[in-house]
$ cat structure09.cif   # mmCIF, C-alpha atoms
data_my_file
loop_
_atom_site.group_PDB
_atom_site.id
_atom_site.type_symbol
_atom_site.label_atom_id
_atom_site.label_comp_id
_atom_site.auth_asym_id
_atom_site.auth_seq_id
_atom_site.Cartn_x
_atom_site.Cartn_y
_atom_site.Cartn_z
ATOM 1 C CA MET A 1 -1.565 14.484 11.378
ATOM 2 C CA THR A 2 -4.572 12.215 10.842
ATOM 3 C CA VAL A 3 -4.735 10.354 7.526
ATOM 4 C CA ARG A 4 -8.193 10.514 5.961
ATOM 5 C CA VAL A 5 -9.191 7.233 4.312
ATOM 6 C CA LEU A 6 -11.927 6.247 1.851
ATOM 7 C CA VAL A 7 -12.657 2.491 1.807
ATOM 8 C CA VAL A 8 -13.964 0.985 -1.442
ATOM 9 C CA ASP A 9 -15.129 -2.650 -1.670
ATOM 10 C CA ASP A 10 -18.275 -4.233 -3.082
ATOM 11 C CA GLN A 11 -18.461 -6.768 -0.231
ATOM 12 C CA ALA A 12 -20.291 -5.040 2.609
ATOM 13 C CA LEU A 13 -18.857 -7.289 5.307
ATOM 14 C CA LEU A 14 -15.256 -6.695 4.251
ATOM 15 C CA ARG A 15 -15.861 -2.983 3.752
ATOM 16 C CA THR A 16 -17.298 -2.617 7.240
ATOM 17 C CA ALA A 17 -14.557 -4.731 8.803
ATOM 18 C CA PHE A 18 -11.761 -2.764 7.122
ATOM 19 C CA SER A 19 -13.369 0.527 8.058
ATOM 20 C CA SER A 20 -13.767 -0.439 11.710
ATOM 21 C CA LEU A 21 -10.195 -1.629 12.027
ATOM 22 C CA ILE A 22 -8.730 1.397 10.239
ATOM 23 C CA ASP A 23 -10.872 3.815 12.229
ATOM 24 C CA ALA A 24 -9.652 2.289 15.491
ATOM 25 C CA GLU A 25 -6.161 3.681 14.826
ATOM 26 C CA ASP A 26 -5.392 7.039 16.417
ATOM 27 C CA ASP A 27 -3.726 8.428 13.304
ATOM 28 C CA LEU A 28 -6.229 7.098 10.736
ATOM 29 C CA GLU A 29 -9.813 8.198 10.075
ATOM 30 C CA VAL A 30 -12.311 6.614 7.683
ATOM 31 C CA VAL A 31 -14.212 9.490 6.100
ATOM 32 C CA GLY A 32 -16.388 7.418 3.772
ATOM 33 C CA GLU A 33 -17.208 4.077 2.175
ATOM 34 C CA ALA A 34 -18.133 3.118 -1.383
ATOM 35 C CA ALA A 35 -19.438 -0.132 -2.869
ATOM 36 C CA GLU A 36 -18.300 0.460 -6.459
ATOM 37 C CA GLY A 37 -15.961 2.579 -8.533
ATOM 38 C CA ARG A 38 -18.265 5.314 -9.735
ATOM 39 C CA GLN A 39 -19.355 6.082 -6.202
ATOM 40 C CA ALA A 40 -15.692 6.036 -5.151
ATOM 41 C CA VAL A 41 -14.827 8.685 -7.744
ATOM 42 C CA GLU A 42 -17.678 10.898 -6.541
ATOM 43 C CA LEU A 43 -16.776 10.500 -2.868
ATOM 44 C CA ALA A 44 -13.075 11.079 -3.543
ATOM 45 C CA ALA A 45 -13.999 14.407 -5.123
ATOM 46 C CA SER A 46 -16.371 15.492 -2.347
ATOM 47 C CA LEU A 47 -14.583 14.118 0.741
ATOM 48 C CA ALA A 48 -10.962 14.758 -0.311
ATOM 49 C CA PRO A 49 -9.418 11.731 1.420
ATOM 50 C CA ASP A 50 -5.658 11.344 1.639
ATOM 51 C CA VAL A 51 -5.787 7.658 0.703
ATOM 52 C CA VAL A 52 -8.365 5.573 -1.143
ATOM 53 C CA VAL A 53 -8.239 1.872 -0.251
ATOM 54 C CA MET A 54 -9.566 0.402 -3.508
ATOM 55 C CA ASP A 55 -10.866 -3.050 -4.407
ATOM 56 C CA VAL A 56 -10.408 -4.007 -8.070
ATOM 57 C CA ARG A 57 -13.275 -6.268 -9.118
ATOM 58 C CA MET A 58 -16.497 -4.321 -8.590
ATOM 59 C CA PRO A 59 -19.759 -3.726 -10.473
ATOM 60 C CA VAL A 60 -20.724 -0.524 -12.354
ATOM 61 C CA MET A 61 -17.115 0.728 -12.510
ATOM 62 C CA ASP A 62 -14.109 -1.399 -11.585
ATOM 63 C CA GLY A 63 -11.239 -0.255 -9.419
ATOM 64 C CA ILE A 64 -8.895 0.270 -12.355
ATOM 65 C CA GLU A 65 -11.052 2.871 -14.071
ATOM 66 C CA ALA A 66 -11.898 4.466 -10.732
ATOM 67 C CA THR A 67 -8.184 4.712 -9.961
ATOM 68 C CA ARG A 68 -7.521 6.283 -13.356
ATOM 69 C CA GLN A 69 -10.158 8.967 -12.765
ATOM 70 C CA ILE A 70 -9.167 9.675 -9.164
ATOM 71 C CA THR A 71 -5.456 10.023 -9.973
ATOM 72 C CA ALA A 72 -6.039 12.108 -13.112
ATOM 73 C CA ASP A 73 -5.490 15.146 -10.892
ATOM 74 C CA ARG A 74 -1.707 15.404 -10.493
ATOM 75 C CA ALA A 75 -1.907 17.938 -7.663
ATOM 76 C CA ALA A 76 0.091 17.078 -4.566
ATOM 77 C CA THR A 77 -3.102 17.144 -2.514
ATOM 78 C CA ALA A 78 -4.941 14.656 -4.743
ATOM 79 C CA PRO A 79 -5.800 11.294 -3.120
ATOM 80 C CA ARG A 80 -3.420 8.395 -3.439
ATOM 81 C CA VAL A 81 -4.822 4.974 -4.226
ATOM 82 C CA LEU A 82 -3.887 1.762 -2.443
ATOM 83 C CA ILE A 83 -5.158 -1.306 -4.291
ATOM 84 C CA LEU A 84 -6.650 -4.168 -2.280
ATOM 85 C CA THR A 85 -6.305 -7.504 -4.014
ATOM 86 C CA THR A 86 -6.857 -11.178 -3.286
ATOM 87 C CA PHE A 87 -4.057 -12.374 -5.542
ATOM 88 C CA ASP A 88 -0.427 -11.313 -5.231
ATOM 89 C CA LEU A 89 0.529 -9.141 -8.229
ATOM 90 C CA ASP A 90 -2.151 -10.378 -10.612
ATOM 91 C CA GLU A 91 -2.861 -8.738 -13.974
ATOM 92 C CA TYR A 92 -5.397 -6.364 -12.419
ATOM 93 C CA VAL A 93 -2.811 -5.017 -10.004
ATOM 94 C CA PHE A 94 -0.455 -4.137 -12.857
ATOM 95 C CA GLU A 95 -3.232 -2.401 -14.752
ATOM 96 C CA ALA A 96 -4.109 -0.444 -11.613
ATOM 97 C CA LEU A 97 -0.483 0.595 -11.120
ATOM 98 C CA ARG A 98 -0.375 1.796 -14.719
ATOM 99 C CA ALA A 99 -3.619 3.663 -14.080
ATOM 100 C CA GLY A 100 -1.966 5.615 -11.269
ATOM 101 C CA ALA A 101 -2.208 3.545 -8.084
ATOM 102 C CA SER A 102 0.567 4.100 -5.554
ATOM 103 C CA GLY A 103 0.775 0.556 -4.253
ATOM 104 C CA PHE A 104 -1.158 -2.522 -3.266
ATOM 105 C CA ALA A 105 -2.006 -4.679 -0.260
ATOM 106 C CA LEU A 106 -3.219 -8.253 -0.029
ATOM 107 C CA LYS A 107 -6.544 -8.896 1.683
ATOM 108 C CA SER A 108 -5.137 -12.127 3.085
ATOM 109 C CA ARG A 109 -2.227 -10.506 4.905
ATOM 110 C CA PRO A 110 -2.259 -9.375 8.564
ATOM 111 C CA LEU A 111 -4.065 -6.131 9.347
ATOM 112 C CA GLU A 112 -0.817 -4.493 10.422
ATOM 113 C CA GLU A 113 0.445 -4.706 6.847
ATOM 114 C CA LEU A 114 -2.633 -2.924 5.501
ATOM 115 C CA LEU A 115 -2.325 -0.195 8.117
ATOM 116 C CA SER A 116 1.381 0.198 7.355
ATOM 117 C CA ALA A 117 0.632 0.377 3.624
ATOM 118 C CA ILE A 118 -1.962 3.118 4.178
ATOM 119 C CA ARG A 119 0.516 5.153 6.194
ATOM 120 C CA THR A 120 3.256 4.648 3.609
ATOM 121 C CA VAL A 121 1.060 5.669 0.691
ATOM 122 C CA ALA A 122 -0.155 8.717 2.623
ATOM 123 C CA VAL A 123 3.407 10.053 2.878
ATOM 124 C CA GLY A 124 4.307 12.408 0.065
ATOM 125 C CA GLU A 125 7.049 10.159 -1.287
ATOM 126 C CA ALA A 126 4.800 7.082 -1.056
ATOM 127 C CA LEU A 127 7.591 4.579 -1.540
ATOM 128 C CA LEU A 128 7.065 0.899 -2.247
ATOM 129 C CA ALA A 129 9.406 -1.576 -0.619
ATOM 130 C CA PRO A 130 12.303 -2.553 -2.898
ATOM 131 C CA SER A 131 11.134 -6.191 -2.739
ATOM 132 C CA VAL A 132 7.821 -5.158 -4.287
ATOM 133 C CA THR A 133 9.582 -3.122 -6.962
ATOM 134 C CA ARG A 134 11.712 -6.131 -7.813
ATOM 135 C CA ARG A 135 8.595 -8.257 -8.260
ATOM 136 C CA LEU A 136 7.244 -5.635 -10.622
ATOM 137 C CA ILE A 137 10.464 -5.957 -12.606
ATOM 138 C CA ALA A 138 10.141 -9.742 -12.587
ATOM 139 C CA HIS A 139 6.691 -9.327 -14.128
ATOM 140 C CA PHE A 140 8.156 -7.358 -17.016
ATOM 141 C CA ALA A 141 11.013 -9.846 -17.367
ATOM 142 C CA ASP A 142 8.558 -12.725 -17.617
ATOM 143 C CA GLY A 143 7.346 -11.350 -20.910
ATOM 144 C CA ALA A 144 4.532 -9.035 -19.893
ATOM 145 C CA ARG A 145 3.486 -6.830 -22.760
ATOM 146 C CA VAL A 146 4.636 -3.299 -22.041
ATOM 147 C CA PRO A 147 2.995 -0.594 -24.163
ATOM 148 C CA ARG A 148 5.650 1.868 -25.308
ATOM 149 C CA ARG A 149 4.998 5.513 -24.560
ATOM 150 C CA THR A 150 7.218 8.500 -23.949
ATOM 151 C CA PRO A 151 6.226 10.353 -20.793
ATOM 152 C CA ARG A 152 6.172 14.115 -20.897
ATOM 153 C CA GLY A 153 9.355 15.519 -19.413
ATOM 154 C CA LEU A 154 11.594 12.555 -20.191
ATOM 155 C CA ASP A 155 13.802 14.713 -22.439
ATOM 156 C CA GLU A 156 14.178 17.210 -19.578
ATOM 157 C CA LEU A 157 16.041 14.719 -17.398
ATOM 158 C CA THR A 158 19.758 15.238 -16.965
ATOM 159 C CA GLU A 159 22.142 12.349 -17.567
ATOM 160 C CA ARG A 160 22.464 11.873 -13.809
ATOM 161 C CA GLU A 161 18.687 11.855 -13.384
ATOM 162 C CA ARG A 162 18.350 9.248 -16.141
ATOM 163 C CA GLU A 163 20.917 7.150 -14.323
ATOM 164 C CA VAL A 164 19.006 7.493 -11.061
ATOM 165 C CA LEU A 165 15.711 6.630 -12.773
ATOM 166 C CA SER A 166 17.277 3.544 -14.325
ATOM 167 C CA LEU A 167 18.481 2.352 -10.932
ATOM 168 C CA VAL A 168 15.147 3.116 -9.273
ATOM 169 C CA ALA A 169 13.434 1.061 -11.972
ATOM 170 C CA ARG A 170 15.768 -1.838 -11.203
ATOM 171 C CA GLY A 171 14.632 -1.867 -7.606
ATOM 172 C CA LEU A 172 17.344 0.006 -5.712
ATOM 173 C CA SER A 173 16.367 1.735 -2.489
ATOM 174 C CA ASN A 174 17.551 5.266 -1.681
ATOM 175 C CA ALA A 175 20.302 3.862 0.536
ATOM 176 C CA GLU A 176 21.442 1.531 -2.242
ATOM 177 C CA LEU A 177 21.356 4.415 -4.717
ATOM 178 C CA ALA A 178 23.550 6.523 -2.444
ATOM 179 C CA GLU A 179 26.077 3.700 -2.115
ATOM 180 C CA THR A 180 26.085 2.897 -5.841
ATOM 181 C CA LEU A 181 26.449 6.522 -6.952
ATOM 182 C CA HIS A 182 28.775 7.499 -4.099
ATOM 183 C CA VAL A 183 26.589 10.423 -3.038
ATOM 184 C CA SER A 184 24.736 11.351 0.140
ATOM 185 C CA LEU A 185 21.223 10.199 0.952
ATOM 186 C CA PRO A 186 19.841 13.790 0.802
ATOM 187 C CA THR A 187 21.339 14.122 -2.699
ATOM 188 C CA VAL A 188 19.580 10.943 -3.795
ATOM 189 C CA LYS A 189 16.279 12.195 -2.388
ATOM 190 C CA THR A 190 16.728 15.466 -4.274
ATOM 191 C CA HIS A 191 17.352 13.627 -7.537
ATOM 192 C CA VAL A 192 14.282 11.405 -7.054
ATOM 193 C CA SER A 193 12.126 14.399 -6.162
ATOM 194 C CA ARG A 194 13.197 16.274 -9.312
ATOM 195 C CA ILE A 195 12.545 13.210 -11.482
ATOM 196 C CA LEU A 196 9.057 12.856 -10.012
ATOM 197 C CA THR A 197 8.350 16.511 -10.764
ATOM 198 C CA LYS A 198 9.683 16.443 -14.332
ATOM 199 C CA LEU A 199 7.808 13.254 -15.267
ATOM 200 C CA GLY A 200 4.617 14.230 -13.469
ATOM 201 C CA ALA A 201 4.744 10.970 -11.497
ATOM 202 C CA ARG A 202 3.065 10.578 -8.139
ATOM 203 C CA ASP A 203 5.587 8.231 -6.528
ATOM 204 C CA ARG A 204 8.321 5.664 -6.973
ATOM 205 C CA THR A 205 5.922 3.027 -8.280
ATOM 206 C CA GLN A 206 4.974 5.235 -11.201
ATOM 207 C CA LEU A 207 8.644 5.858 -11.971
ATOM 208 C CA VAL A 208 9.194 2.120 -12.374
ATOM 209 C CA VAL A 209 6.233 1.792 -14.735
ATOM 210 C CA LEU A 210 7.232 4.872 -16.759
ATOM 211 C CA ALA A 211 10.843 3.727 -17.056
ATOM 212 C CA TYR A 212 9.821 0.447 -18.657
ATOM 213 C CA GLU A 213 7.000 1.856 -20.753
ATOM 214 C CA SER A 214 9.308 4.497 -22.219
ATOM 215 C CA GLY A 215 11.942 1.917 -23.083
ATOM 216 C CA LEU A 216 14.537 3.756 -20.977
ATOM 217 C CA VAL A 217 14.988 0.521 -19.048
ATOM 218 C CA THR A 218 14.535 -2.951 -20.475
ATOM 219 C CA THR A 219 14.706 -6.426 -18.982
ATOM 220 C CA ALA A 220 17.256 -7.609 -21.537
#
$ encode --input "structure09.cif" --output "C-alpha cells"
Amino acid sequence: MTVRVLVVDDQALLRTAFSSLIDAEDDLEVVGEAAEGRQAVELAASLAPDVVVMDVRMPVMDGIEATRQITADRAATAPRVLILTTFDLDEYVFEALRAGASGFALKSRPLEELLSAIRTVAVGEALLAPSVTRRLIAHFADGARVPRRTPRGLDELTEREREVLSLVARGLSNAELAETLHVSLPTVKTHVSRILTKLGARDRTQLVVLAYESGLVTTA
C-alpha cells in the first residue's frame, strides 16, 4: 500500500527537496505541499494524506496549532503528523506531541531516518522507538511543567491495563512488557490496543504524554 504524504515547510528549497526524495520511494507518494500551517490544515482536509510531515516554526499558523487542528479528528483514517525539527527534543517538539503529533524527525539526520519515520507513523500502531520514549521521560524528570488533566476513559482501565500503561510510559517496548508481565506478545498488543481505544489516543507517544499529564505516572 502506498503511503500518501503531505509535506509542510516554509522554506521552499527544503520543502521541494523533501518532496522529491520522498516521492522517489516506491511505497511513498507526496500528494501536496504547504508553506504554512493554515494551508496545511486545509490541504489535510481536502487531500486526506496518511502522514503530514510538519515543520514547527512557520508564519500565519505554526506547526503546533496546525497539528492540533489536523489531529482533532480521532478517526482511524485521520492523518498522522510527523514533526520535522532542527533541534533534538526542543520545547516546540513537546508542545507538538501534546497537540497530537505521532512522532518527530530531525532535519539534520540522514534521509533514511526520515523515510523510516514516515513509514512507522503511517502504520496504525505508530510506535516510537523506546529510546525516544525514554528521552521524553527524561524531559519530564528534568522538571518540565506538566499540566495535570484527566483523560476521558482513564477510569475505564482495568488494573492490568493501568499497569501496562504505566510501563509503556516508562519506556518499555512490547517485548519488554511481555517479559516483565510474563505474558505473550499478542496479549501485550491486545492490552495496548484496548488502552489506546479507551483513552482515545492515536498511538504510543500519546499514551506517554497522557500518563504523565494525568498523574498516573510520575518521575519521582
$ atom_distance --input "structure09.cif" --atom1 "CA of Thr85 in chain A" --atom2 "CA of Leu106 in chain A"
5.1 Å
$ closest_residue --input "structure09.cif" --among "A:Leu216, A:Ile70, A:Ala169, A:Met54" --to "Ile118 in chain A" --atoms "all atoms listed in the file"
A:Met54
$ atom_distance --input "structure09.cif" --atom1 "CA of Val81 in chain A" --atom2 "CA of Arg162 in chain A"
26.4 Å
$ residues_around --input "structure09.cif" --residues "Ser20 in chain A" --least-positions-apart "5" --cutoff "10 Å" --atoms "all atoms listed in the file" --output "MDAnalysis selection string"
chainID A and resid 14:15 25 29:30
$ residues_near_point --input "structure09.cif" --point "(-8.6, 11.7, -6.9)" --cutoff "6 Å" --atoms "only C-alpha atoms" --output "ChimeraX atom specification"
/A:44,70-71,78-79
$ residues_around --input "structure09.cif" --residues "Gln69 in chain A" --least-positions-apart "3" --cutoff "10 Å" --atoms "only C-alpha atoms" --output "number ranges by chain"
A: 37-38, 40-42, 44, 63-66, 72-73, 99-100
$ closest_residue --input "structure09.cif" --among "A:Asp23, A:Glu36, A:Glu156, A:Glu163" --to "Leu115 in chain A" --atoms "all atoms listed in the file"
A:Asp23
$ resolve_selection --input "structure09.cif" --expression "the PyMOL selection byres ((chain A and resi 96) around 8)" --output "number ranges by chain"
A: 63-64, 67-68, 83, 92-95, 97-101
$ axis_aligned_box --input "structure09.cif" --around "range 200-214 of chain A" --padding-each-side "8 Å" --output "AutoDock Vina command-line options"
--center_x 7.0 --center_y 7.3 --center_z -14.4 --size_x 23.8 --size_y 29.8 --size_z 31.7
$ resolve_selection --input "structure09.cif" --expression "the PyMOL selection byres ((chain A and resi 157) around 12)" --output "list in words"
Pro151, Arg152, Gly153, Leu154, Asp155, Glu156, Thr158, Glu159, Arg160, Glu161, Arg162, Glu163, Val164, Leu165, Ser166, His191, Val192, Ser193, Arg194, Ile195, Leu196, Thr197, Lys198, Leu199 and Leu216 of chain A
$ atom_distance --input "structure09.cif" --atom1 "CA of Asn174 in chain A" --atom2 "CA of Val52 in chain A"
25.9 Å
$ residues_around --input "structure09.cif" --residues "Val8 in chain A" --least-positions-apart "2" --cutoff "6 Å" --atoms "all atoms listed in the file" --output "list in words"
Glu33, Ala34, Ala35, Val53, Met54 and Asp55 of chain A
